[in-house]
Amino acid sequence: MTPIVNILFGTLLLLRQAISLGPVPGAPLSQQTPTIATSALKAIKVPGESPAYYCSDPSNDIFQIRRFDFIPTNVRIGFYQTTRFIGTFTSTTGANPWLNITGSINGRQELSPLYSAPLCDIDVFQELSMPTPTPGVDPSHWSGGEPRLHRACPPEIGVGYAVVSSPPMPLTPQTVPEGKYDLRAEAMTQEGQRIFCVQGTFNVTT
């Protein structure tokens with residue numbers, strides 16, 4: 001059985017879907033992104049508790065990452081695992097932003113993407129200011145309340161603070177092979193603008 005797994009960027013949420021469905025066809029050419037060689041410049045670590053580095057300078061990325069966490073940091077079979085991005089979308093993504101995850105498992109390079117699907121298939125939550133009810137005041141004039149998170153998309157992700165995460169998922173020997181993972185996760189708009197790109201190497205152990 002070909003292991004179709006990903007742990008970078010909500011990998012555990014996608015894992016069960018990818019394994020059960022088998023290899024996912026690539027996105028249309030307008031949505032595909034070529035593999036970019038690692039820059040000779042010093043790699044930039046993504047803030048947070050994960051092994052991820054930026055693929056290149058993230059200054060112009062739409063999603064500015066504040067932190068990216070593996071929870072727990074050691075990925076182990078027989079335990080639950082989740083991943084979480086926290087950051088800010090500096091502009092809207094437009095409809096149907098796309099995510100590709102590529103890489104190798106135990107040194108074997110996968111020829112097709114390990115995952116290729118709309119970014120909105122992931123849990124993307126953004127802040128929404130809820131109006132505060134005021135007795136005797138027309139609802140249209142209620143003041144803004146405490147910010148709360150709401151599901152951001154589809155069809156697009158708007159400007160502002162966001163939490164992108166996977167729910168806790170059990171890792172089992174039947175779904176996650178033990179070994180070394182080298183993965184790259186890149187999200188793009190339909191117009192080809194990069195939303196984010198991270199990559200990293202980590203081990204899945206028992």
# chains A, B, ... in the order shown; residues from 1 in each chain; ligands from 1
$ residues_around --residues "Thr102 in chain A" --least-positions-apart "3" --cutoff "7 Å" --atoms "only C-alpha atoms" --output "PDB file with N, CA and C atoms, in the first residue's frame"
ATOM      1  N   PRO A 113       1.633  14.615  -5.911  1.00  0.00           N
ATOM      2  CA  PRO A 113       1.421  15.242  -4.590  1.00  0.00           C
ATOM      3  C   PRO A 113       0.821  14.269  -3.595  1.00  0.00           C
ATOM      4  N   LEU A 114       1.296  14.337  -2.350  1.00  0.00           N
ATOM      5  CA  LEU A 114       0.692  13.539  -1.293  1.00  0.00           C
ATOM      6  C   LEU A 114      -0.721  14.028  -1.000  1.00  0.00           C
ATOM      7  N   LEU A 183       8.657  16.830   4.072  1.00  0.00           N
ATOM      8  CA  LEU A 183       7.433  17.328   3.452  1.00  0.00           C
ATOM      9  C   LEU A 183       7.502  18.823   3.182  1.00  0.00           C
ATOM     10  N   ARG A 184       6.749  19.205   2.176  1.00  0.00           N
ATOM     11  CA  ARG A 184       6.631  20.616   1.780  1.00  0.00           C
ATOM     12  C   ARG A 184       5.157  20.911   1.527  1.00  0.00           C
ATOM     13  N   ALA A 185       4.645  21.949   2.163  1.00  0.00           N
ATOM     14  CA  ALA A 185       3.249  22.342   1.994  1.00  0.00           C
ATOM     15  C   ALA A 185       3.202  23.764   1.438  1.00  0.00           C
TER      16      ALA A 185
END
$ residues_around --residues "Val204 in chain A" --least-positions-apart "4" --cutoff "6 Å" --atoms "only C-alpha atoms" --output "PyMOL selection string"
chain A and resi 75-76+178-179
$ write_last_selection --atoms "N, CA and C atoms" --output "mmCIF file, in the first residue's frame"
data_model
loop_
_atom_site.group_PDB
_atom_site.id
_atom_site.type_symbol
_atom_site.label_atom_id
_atom_site.label_comp_id
_atom_site.auth_asym_id
_atom_site.auth_seq_id
_atom_site.Cartn_x
_atom_site.Cartn_y
_atom_site.Cartn_z
ATOM 1 N N VAL A 75 6.034 13.321 17.208
ATOM 2 C CA VAL A 75 4.967 12.606 16.508
ATOM 3 C C VAL A 75 5.148 11.107 16.754
ATOM 4 N N ARG A 76 4.189 10.489 17.465
ATOM 5 C CA ARG A 76 4.341 9.090 17.875
ATOM 6 C C ARG A 76 3.103 8.282 17.544
ATOM 7 N N GLU A 178 5.940 4.242 10.271
ATOM 8 C CA GLU A 178 7.040 4.767 11.083
ATOM 9 C C GLU A 178 8.188 5.161 10.168
ATOM 10 N N GLY A 179 8.913 6.213 10.530
ATOM 11 C CA GLY A 179 10.087 6.581 9.755
ATOM 12 C C GLY A 179 10.269 8.070 9.586
#
$ closest_atom_pairs --of "range 92-120 of chain A" --to "range 157-173 of chain A" --cutoff "12 Å" --atoms "only C-alpha atoms" --output "Markdown table"
| residue | atom | partner | partner_atom | distance |
| --- | --- | --- | --- | --- |
| A:Thr92 | CA | A:Gly158 | CA | 4.5 |
| A:Thr93 | CA | A:Ile157 | CA | 5.5 |
| A:Gly94 | CA | A:Ile157 | CA | 7.0 |
| A:Ala95 | CA | A:Ile157 | CA | 7.9 |
| A:Asn96 | CA | A:Ile157 | CA | 9.0 |
| A:Pro97 | CA | A:Ile157 | CA | 8.3 |
| A:Trp98 | CA | A:Ile157 | CA | 11.6 |
| A:Pro118 | CA | A:Ile157 | CA | 11.5 |
| A:Leu119 | CA | A:Ile157 | CA | 9.3 |
| A:Cys120 | CA | A:Ile157 | CA | 8.0 |
$ select_by_dssp --residues "range 25-123 of chain A" --states "strand (DSSP E or B)" --output "VMD selection string"
chain A and resid 45 52 to 54 63 to 71 75 to 76 80 to 89 98 to 105 108 to 109 115 to 118 123
$ write_last_selection --atoms "C-alpha atoms" --output "CSV table (one decimal), in the first residue's frame"
chain,number,residue,atom,x,y,z
A,45,LYS,CA,12.6,28.9,11.0
A,52,ALA,CA,9.1,23.6,9.9
A,53,TYR,CA,11.1,26.2,7.9
A,54,TYR,CA,9.9,28.7,5.3
A,63,PHE,CA,-0.7,34.5,5.3
A,64,GLN,CA,1.8,35.8,7.8
A,65,ILE,CA,2.5,33.0,10.3
A,66,ARG,CA,2.8,34.0,13.9
A,67,ARG,CA,3.4,30.4,15.0
A,68,PHE,CA,3.0,26.8,13.8
A,69,ASP,CA,2.8,24.0,16.4
A,70,PHE,CA,2.9,20.2,16.4
A,71,ILE,CA,0.9,19.2,19.5
A,75,VAL,CA,5.0,12.6,16.5
A,76,ARG,CA,4.3,9.1,17.9
A,80,TYR,CA,-3.3,11.7,19.3
A,81,GLN,CA,-1.7,14.5,17.2
A,82,THR,CA,-2.8,17.8,16.0
A,83,THR,CA,-1.3,20.7,14.1
A,84,ARG,CA,-2.1,24.4,14.3
A,85,PHE,CA,-1.2,27.6,12.5
A,86,ILE,CA,-1.9,31.0,14.0
A,87,GLY,CA,-1.4,34.1,11.9
A,88,THR,CA,-2.9,36.9,9.8
A,89,PHE,CA,-4.2,37.0,6.2
A,98,TRP,CA,-5.3,25.5,-3.4
A,99,LEU,CA,-2.9,23.4,-1.2
A,100,ASN,CA,-0.3,21.0,-2.5
A,101,ILE,CA,1.8,18.8,-0.2
A,102,THR,CA,4.8,17.0,-1.7
A,103,GLY,CA,7.8,15.2,-0.4
A,104,SER,CA,9.3,11.8,0.5
A,105,ILE,CA,8.7,9.1,3.1
A,108,ARG,CA,11.3,7.5,-1.3
A,109,GLN,CA,10.2,10.5,-3.3
A,115,TYR,CA,-2.3,15.9,-1.1
A,116,SER,CA,-3.8,18.3,-3.6
A,117,ALA,CA,-7.1,20.0,-2.7
A,118,PRO,CA,-8.7,23.3,-1.9
A,123,ASP,CA,-10.5,24.1,9.3
$ atom_distance --atom1 "CA of Gly192 in chain A" --atom2 "CA of Asp61 in chain A"
11.4 Å
